[in-house]
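Below is one structure, written out as structure tokens; comments come after it.
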Amino acid sequence: RKEVEQDPGPFNVPEGATVAFNCTYSNSASQSFFWYRQDCRKEPKLLMSVYSSGNEDGRFTAQLNRASQYISLLIRDSKLSDSATYLCVVTYTNAGKSTFGDGTTLTVKP
Amino acid sequence: DGGITQSPKYLFRKEGQNVTLSCEQNLNHDAMYWYRQDPGQGLRLIYYSQIVNDFQKGDIAEGYSVSREKKESFPLTVTSAQKNPTAFYLCASSIEVAKNIQYFGAGTRLSVL
């Protein structure tokens, strides 16, 4: 079993739709959590950090459920420009490194 | 402009050859990382460095080597022992290991001739 698992998708949604991704992690000692966005053949870029209380940035909402060991990303009112691969990242301070999920691919269609 | 610069953007390796990928950052970050990404897959950690003159193996270090002689620089050598080197290589840095956001360079695409 991978340390960090994501549904690879692809998720194909129409413009304006709401879509949610989940990411599960196996190490309960995980400390920090992030969502990154990666466009085709480009480097990953930080989308948002994930806090225990949940956090929102415009159309994007991130949630953390420590009891069930998963994080989620909700995108409301999807835009064509949201089409990308979304990577979840889990950081283990004791191990001194981060683990990336394999990513979930989103395609938003007109 | 502050950031991470990787070079070259594309690199071709002949069989039996060692090649070195460059990574330079001017963000004054202590920690630096090298990842490998294969098509349709996530990032796998090759090596990371928490501070100058120190580095640790990641999950797939075999066939690779690194050095960290300067804070700004973390070059990666793909040795001839790496039998399947074709991939997208990404360098990243963060203020300190594992606690902070990682910022990535634009990557180097390595192919075998």
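All residue names refer to the structure tokens as shown: chains lettered A, B, ... in order, residues numbered from 1 in each chain, ligands numbered from 1 in order.
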
task = Select all residues from chain B having any atom no more than 10 Å from an atom of chain A (counting only C-alpha atoms, ignoring ligands), output as a ChimeraX atom specification.
result = /B:33,37,39-45,47-50,56,58-59,88-92,96-109

key: Within 7 Å of Ser7 of chain B using only C-alpha atoms, minus same-chain residues under 3 positions, as a PyMOL selection string   = chain B and resi 21-23+108

Write the residues of the selection above to a file with N, CA and C atoms, as an mmCIF file, in the first residue's frame.
```cif
data_model
loop_
_atom_site.group_PDB
_atom_site.id
_atom_site.type_symbol
_atom_site.label_atom_id
_atom_site.label_comp_id
_atom_site.auth_asym_id
_atom_site.auth_seq_id
_atom_site.Cartn_x
_atom_site.Cartn_y
_atom_site.Cartn_z
ATOM 1 N N LEU B 21 22.934 17.225 -13.775
ATOM 2 C CA LEU B 21 21.869 18.206 -13.875
ATOM 3 C C LEU B 21 22.128 19.297 -12.842
ATOM 4 N N SER B 22 21.967 20.536 -13.276
ATOM 5 C CA SER B 22 22.253 21.660 -12.397
ATOM 6 C C SER B 22 20.985 22.165 -11.725
ATOM 7 N N CYS B 23 21.118 22.583 -10.457
ATOM 8 C CA CYS B 23 20.028 23.215 -9.720
ATOM 9 C C CYS B 23 20.622 24.315 -8.846
ATOM 10 N N THR B 108 14.206 19.279 -15.736
ATOM 11 C CA THR B 108 15.067 18.835 -16.829
ATOM 12 C C THR B 108 14.525 17.520 -17.358
#
```

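For the set B:Gln82, B:Ser93, B:Ser67, B:Ser111, the residue with the smallest atom-to-atom gap to Tyr35 of chain B is B:Ser93, counting only C-alpha atoms.
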
query = Neighbours of segment 55-64 of chain A within 9 Å (only C-alpha atoms; same-chain residues fewer than 5 positions away dropped), as a VMD selection string?
reply = chain A and resid 33 to 35 47 to 50 69 to 78

Please save C-alpha atoms of the selected residues as a PDB file, in the first residue's frame.
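Listing of selection10.pdb after writing:
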```pdb
ATOM      1  CA  PHE A  33      -0.404  18.720   4.231  1.00  0.00           C
ATOM      2  CA  PHE A  34      -0.535  20.538   0.918  1.00  0.00           C
ATOM      3  CA  TRP A  35      -2.241  20.510  -2.463  1.00  0.00           C
ATOM      4  CA  LEU A  47      -2.193  25.526  -4.662  1.00  0.00           C
ATOM      5  CA  MET A  48      -2.847  25.671  -0.947  1.00  0.00           C
ATOM      6  CA  SER A  49      -1.808  24.393   2.435  1.00  0.00           C
ATOM      7  CA  VAL A  50      -4.306  22.287   4.382  1.00  0.00           C
ATOM      8  CA  GLN A  69      -6.429  10.125   7.698  1.00  0.00           C
ATOM      9  CA  TYR A  70      -7.488  11.898   4.564  1.00  0.00           C
ATOM     10  CA  ILE A  71      -7.418  15.342   3.036  1.00  0.00           C
ATOM     11  CA  SER A  72      -9.769  16.714   0.452  1.00  0.00           C
ATOM     12  CA  LEU A  73      -9.903  19.458  -2.139  1.00  0.00           C
ATOM     13  CA  LEU A  74     -13.178  20.947  -3.334  1.00  0.00           C
ATOM     14  CA  ILE A  75     -13.333  23.105  -6.443  1.00  0.00           C
ATOM     15  CA  ARG A  76     -16.499  25.088  -7.007  1.00  0.00           C
ATOM     16  CA  ASP A  77     -17.640  26.702 -10.267  1.00  0.00           C
ATOM     17  CA  SER A  78     -14.956  24.920 -12.302  1.00  0.00           C
TER      18      SER A  78
END
```

ask   = To one decimal place, how far is atom CA of Leu80 of chain A from atom CA of Leu106 of chain A in Å?
value = 9.9 Å

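Residue nearest Asn22 of chain A within the list A:Thr107, A:Ser53, A:Ser68, A:Gln38: A:Ser68 [criterion: smallest interatomic distance, only C-alpha atoms].
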
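Closest to Thr20 of chain B among B:Lys57, B:Leu113, B:Lys83, B:Ser65 is B:Ser65, based on only C-alpha atoms.
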
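When atom CA of Pro75 of chain B is paired with atom CA of Glu5 of chain A, their separation reads 29.9 Å.
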